[in-house]
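Note sheet for the following structure.
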Amino acid sequence: LRDGLSAEGHVFLGNEILTSQKVEGISPFLADDLYAEREMDYLLLEADGAAGHPLKANAPHEPVIPQGVTKVVAVIGLEALGRPFSRETVFRDEHFREITGCEPGQRLSAPILAGLFFHPLGLFKGAPDSAERIVFLNKADLLTDGEEAEELAHLILRQSAQTRIRVVIGSVKVGQYTLIEEKNGGHLSQSH
C-alpha cells in the first residue's frame with residue numbers, strides 16, 4: 001500500500017478476486033486502521049452494490065461501513081422513478097418491500113424513494129452519526145422531465161431536518177452535478 005501510494009499516488013485495494021470476477025473488499029476494521037495512519041488524503045470505499053439495478057435495499061449484513069468514515073454517499077438511479085416496482089428495477093426486492101411498504105407493480109414515486117433513505121434499515125443504515133450523508137440521484141441524463149426528481153430532492157431535504165444531509169442530482173456518465181439546497185420558504189436552489 002505504501003509503495004503504491006508513493007509510486008502512483010493512488011491504490012486500489014481488495015482482499016481477493018472472487019470466482020464471480022468481483023473483488024472482495026477489505027474489512028471495515030482494516031479501513032479504519034488505514035485511514036488512521038493518515039498517509040492518504042482520501043479513502044473511498046464501496047460498501048455494497050446494486051447488481052446493475054437502479055435501486056436496491058440492503059440485506060441484513062449490508063452495508064459494511066467503517067465507523068471512522070466522514071461521509072456516506074447513497075446512490076440511486078433516477079431511471080427507476082415512475083416505473084413499476086419489480087425485480088428488474090429493484091435489487092433485493094423483498095427487503096425493499098419491507099422497508100418501503102411498496103407492492104409489486106406499484107409506481108415508484110418520489111415519496112416511496114425518499115422513504116428509502118430515512119428508514120432505519122434504509123440506504124444510510126450503519127452510517128455513523130458523525131458522518132455527513134450525501135444523496136446522489138444519478139442518471140439525470142435519462143430523464144425527459146426533471147420535475148419529479150426535484151420533488152424527490154425536496155422530500156429528502158425536508159425529511160432530513162435532524163440530520164446533516166446534501167442532495168446532488170446529476171449524471172456520472174455525462175459529468176454533470178447539481179447540488180440541491182432548500183432555502184427559506186421551502187424553495188429549492190441549485191448550484192453547479
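Identifiers for the C-alpha cells are assigned positionally: chains receive A, B, ... in sequence, residues are indexed from 1 per chain, and ligands are indexed from 1 in the order shown.
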
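Residues within 12 Å of Glu103 in chain A, counting only C-alpha atoms and excluding same-chain residues fewer than 5 positions away, are Pro84, Phe85, Ser86, Arg87, Val90, Asp93, Glu94, His95, Phe96, Arg97, Glu98, Leu108 and Ile112 of chain A.
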
Practice task
Please identify which residues in range 98-187 of chain A DSSP calls helix (DSSP H, G or I) from the backbone, and express them as an NGL selection string.
Solution key: :A and (98-100 or 110-118 or 140-142 or 147-159 or 184-186)

What would the file look like if the residues just selected were written as a compact mmCIF listing (two decimals), in the first residue's frame with N, CA and C atoms?
```txt
# COMPACT_ATOMS: atom_id res chain seq x y z
N GLU A 98 -40.23 -4.60 2.38
CA GLU A 98 -40.31 -4.47 3.84
C GLU A 98 -40.04 -3.04 4.29
N ILE A 99 -39.06 -2.40 3.69
CA ILE A 99 -38.64 -1.05 4.10
C ILE A 99 -39.65 0.01 3.66
N THR A 100 -40.13 -0.09 2.43
CA THR A 100 -40.96 0.97 1.87
C THR A 100 -42.46 0.70 1.93
N ALA A 110 -41.77 9.57 -5.91
CA ALA A 110 -40.81 10.32 -5.09
C ALA A 110 -40.99 10.04 -3.60
N PRO A 111 -42.22 10.04 -3.04
CA PRO A 111 -42.36 9.74 -1.61
C PRO A 111 -41.86 8.34 -1.22
N ILE A 112 -42.09 7.36 -2.07
CA ILE A 112 -41.61 6.00 -1.77
C ILE A 112 -40.09 5.98 -1.74
N LEU A 113 -39.45 6.60 -2.74
CA LEU A 113 -37.99 6.59 -2.80
C LEU A 113 -37.37 7.43 -1.68
N ALA A 114 -38.01 8.52 -1.30
CA ALA A 114 -37.49 9.34 -0.19
C ALA A 114 -37.44 8.51 1.09
N GLY A 115 -38.47 7.69 1.31
CA GLY A 115 -38.50 6.85 2.50
C GLY A 115 -37.36 5.86 2.56
N LEU A 116 -36.84 5.46 1.42
CA LEU A 116 -35.74 4.50 1.38
C LEU A 116 -34.47 5.06 2.04
N PHE A 117 -34.32 6.37 2.05
CA PHE A 117 -33.12 6.98 2.64
C PHE A 117 -33.22 7.10 4.16
N PHE A 118 -34.42 7.21 4.70
CA PHE A 118 -34.56 7.53 6.12
C PHE A 118 -35.01 6.39 7.01
N ALA A 140 -29.52 11.52 -14.19
CA ALA A 140 -30.46 12.60 -14.54
C ALA A 140 -30.53 12.78 -16.05
N ASP A 141 -29.49 12.36 -16.77
CA ASP A 141 -29.47 12.48 -18.22
C ASP A 141 -30.52 11.59 -18.89
N LEU A 142 -31.06 10.61 -18.16
CA LEU A 142 -32.06 9.71 -18.74
C LEU A 142 -33.49 10.23 -18.56
N GLU A 147 -38.85 17.24 -13.12
CA GLU A 147 -39.72 17.76 -12.06
C GLU A 147 -39.87 16.77 -10.90
N GLU A 148 -40.07 15.49 -11.20
CA GLU A 148 -40.24 14.51 -10.12
C GLU A 148 -38.92 14.26 -9.38
N ALA A 149 -37.80 14.38 -10.08
CA ALA A 149 -36.50 14.26 -9.40
C ALA A 149 -36.31 15.41 -8.43
N GLU A 150 -36.73 16.59 -8.82
CA GLU A 150 -36.65 17.74 -7.91
C GLU A 150 -37.59 17.57 -6.73
N GLU A 151 -38.77 16.98 -6.96
CA GLU A 151 -39.69 16.68 -5.86
C GLU A 151 -39.03 15.70 -4.89
N LEU A 152 -38.36 14.70 -5.42
CA LEU A 152 -37.66 13.73 -4.58
C LEU A 152 -36.59 14.44 -3.75
N ALA A 153 -35.81 15.31 -4.37
CA ALA A 153 -34.78 16.07 -3.64
C ALA A 153 -35.41 16.90 -2.53
N HIS A 154 -36.52 17.55 -2.83
CA HIS A 154 -37.23 18.38 -1.85
C HIS A 154 -37.70 17.52 -0.66
N LEU A 155 -38.29 16.36 -0.95
CA LEU A 155 -38.76 15.48 0.12
C LEU A 155 -37.61 15.00 1.00
N ILE A 156 -36.49 14.67 0.38
CA ILE A 156 -35.33 14.22 1.15
C ILE A 156 -34.83 15.34 2.05
N LEU A 157 -34.71 16.54 1.51
CA LEU A 157 -34.23 17.66 2.31
C LEU A 157 -35.20 17.99 3.44
N ARG A 158 -36.49 17.92 3.17
CA ARG A 158 -37.48 18.22 4.20
C ARG A 158 -37.43 17.18 5.33
N GLN A 159 -37.24 15.90 4.98
CA GLN A 159 -37.20 14.84 5.99
C GLN A 159 -35.90 14.83 6.76
N ASN A 184 -35.20 29.22 2.73
CA ASN A 184 -36.38 29.62 3.50
C ASN A 184 -37.61 29.64 2.59
N GLY A 185 -38.71 29.19 3.17
CA GLY A 185 -39.94 29.16 2.40
C GLY A 185 -40.12 27.88 1.61
N GLY A 186 -39.16 26.93 1.73
CA GLY A 186 -39.30 25.65 1.06
C GLY A 186 -38.93 25.62 -0.41
```

Problem - Contacts of Lys139 in chain A at 8 Å (only C-alpha atoms; same-chain gap of 4+ positions) as a PyMOL selection string - result: chain A and resi 77-79+143+170-173

With C-alpha atoms retained, could you export that selection as a compact mmCIF listing (two decimals), in the first residue's frame?
```
# COMPACT_ATOMS: atom_id res chain seq x y z
CA GLY A 77 -30.60 5.59 -10.43
CA LEU A 78 -33.29 8.10 -11.37
CA GLU A 79 -34.46 5.94 -14.27
CA LEU A 143 -34.97 11.87 -17.56
CA GLY A 170 -26.57 14.54 -11.74
CA SER A 171 -25.03 12.04 -14.09
CA VAL A 172 -21.72 10.27 -13.66
CA LYS A 173 -21.79 9.35 -17.36
```

Practice task
Determine, counting only C-alpha atoms, which protein, DNA and RNA residues have an atom within 12 Å of an atom of range 17-24 of chain A; residues of the same chain fewer than 2 positions away are not included. Present the result as an MDAnalysis selection string.
Solution key: chainID A and resid 12:15 26:27 45:49 51

Produce a file of the selected residues containing N, CA, C and O atoms, as an mmCIF file, in the first residue's frame.
```cif
data_model
loop_
_atom_site.group_PDB
_atom_site.id
_atom_site.type_symbol
_atom_site.label_atom_id
_atom_site.label_comp_id
_atom_site.auth_asym_id
_atom_site.auth_seq_id
_atom_site.Cartn_x
_atom_site.Cartn_y
_atom_site.Cartn_z
ATOM 1 N N PHE A 12 -5.732 0.810 -5.537
ATOM 2 C CA PHE A 12 -6.983 0.065 -5.412
ATOM 3 C C PHE A 12 -6.662 -1.146 -4.552
ATOM 4 O O PHE A 12 -5.771 -1.917 -4.872
ATOM 5 N N LEU A 13 -7.373 -1.315 -3.469
ATOM 6 C CA LEU A 13 -7.066 -2.370 -2.514
ATOM 7 C C LEU A 13 -8.274 -3.262 -2.301
ATOM 8 O O LEU A 13 -9.386 -2.774 -2.080
ATOM 9 N N GLY A 14 -8.081 -4.562 -2.383
ATOM 10 C CA GLY A 14 -9.138 -5.535 -2.115
ATOM 11 C C GLY A 14 -8.545 -6.732 -1.427
ATOM 12 O O GLY A 14 -7.316 -6.879 -1.348
ATOM 13 N N ASN A 15 -9.405 -7.591 -0.918
ATOM 14 C CA ASN A 15 -8.945 -8.780 -0.213
ATOM 15 C C ASN A 15 -8.557 -9.884 -1.188
ATOM 16 O O ASN A 15 -7.495 -10.479 -1.071
ATOM 17 N N ILE A 26 -12.049 -5.140 1.713
ATOM 18 C CA ILE A 26 -11.323 -5.278 2.961
ATOM 19 C C ILE A 26 -12.289 -5.126 4.128
ATOM 20 O O ILE A 26 -13.410 -4.641 3.960
ATOM 21 N N SER A 27 -11.873 -5.526 5.301
ATOM 22 C CA SER A 27 -12.747 -5.416 6.467
ATOM 23 C C SER A 27 -12.885 -3.951 6.875
ATOM 24 O O SER A 27 -11.983 -3.140 6.636
ATOM 25 N N LEU A 45 -14.527 3.921 -0.220
ATOM 26 C CA LEU A 45 -14.943 2.537 -0.027
ATOM 27 C C LEU A 45 -16.296 2.309 -0.675
ATOM 28 O O LEU A 45 -17.197 3.122 -0.523
ATOM 29 N N GLU A 46 -16.443 1.205 -1.395
ATOM 30 C CA GLU A 46 -17.760 0.805 -1.870
ATOM 31 C C GLU A 46 -18.306 -0.175 -0.845
ATOM 32 O O GLU A 46 -17.766 -1.262 -0.659
ATOM 33 N N ALA A 47 -19.373 0.215 -0.156
ATOM 34 C CA ALA A 47 -19.908 -0.611 0.912
ATOM 35 C C ALA A 47 -20.781 -1.743 0.376
ATOM 36 O O ALA A 47 -20.870 -2.796 0.985
ATOM 37 N N ASP A 48 -21.458 -1.528 -0.724
ATOM 38 C CA ASP A 48 -22.261 -2.563 -1.363
ATOM 39 C C ASP A 48 -22.664 -2.091 -2.753
ATOM 40 O O ASP A 48 -22.511 -0.936 -3.089
ATOM 41 N N GLY A 49 -23.154 -3.003 -3.536
ATOM 42 C CA GLY A 49 -23.551 -2.667 -4.896
ATOM 43 C C GLY A 49 -24.995 -3.048 -5.146
ATOM 44 O O GLY A 49 -25.640 -3.676 -4.314
ATOM 45 N N ALA A 51 -26.003 -4.627 -8.167
ATOM 46 C CA ALA A 51 -26.049 -5.653 -9.210
ATOM 47 C C ALA A 51 -26.655 -5.134 -10.517
ATOM 48 O O ALA A 51 -27.390 -5.834 -11.204
#
```

Problem - Non-local contacts of Arg164 in chain A (8 Å; only C-alpha atoms; under 4 positions in same chain excluded) as a VMD selection string - result: chain A and resid 132 to 133 160
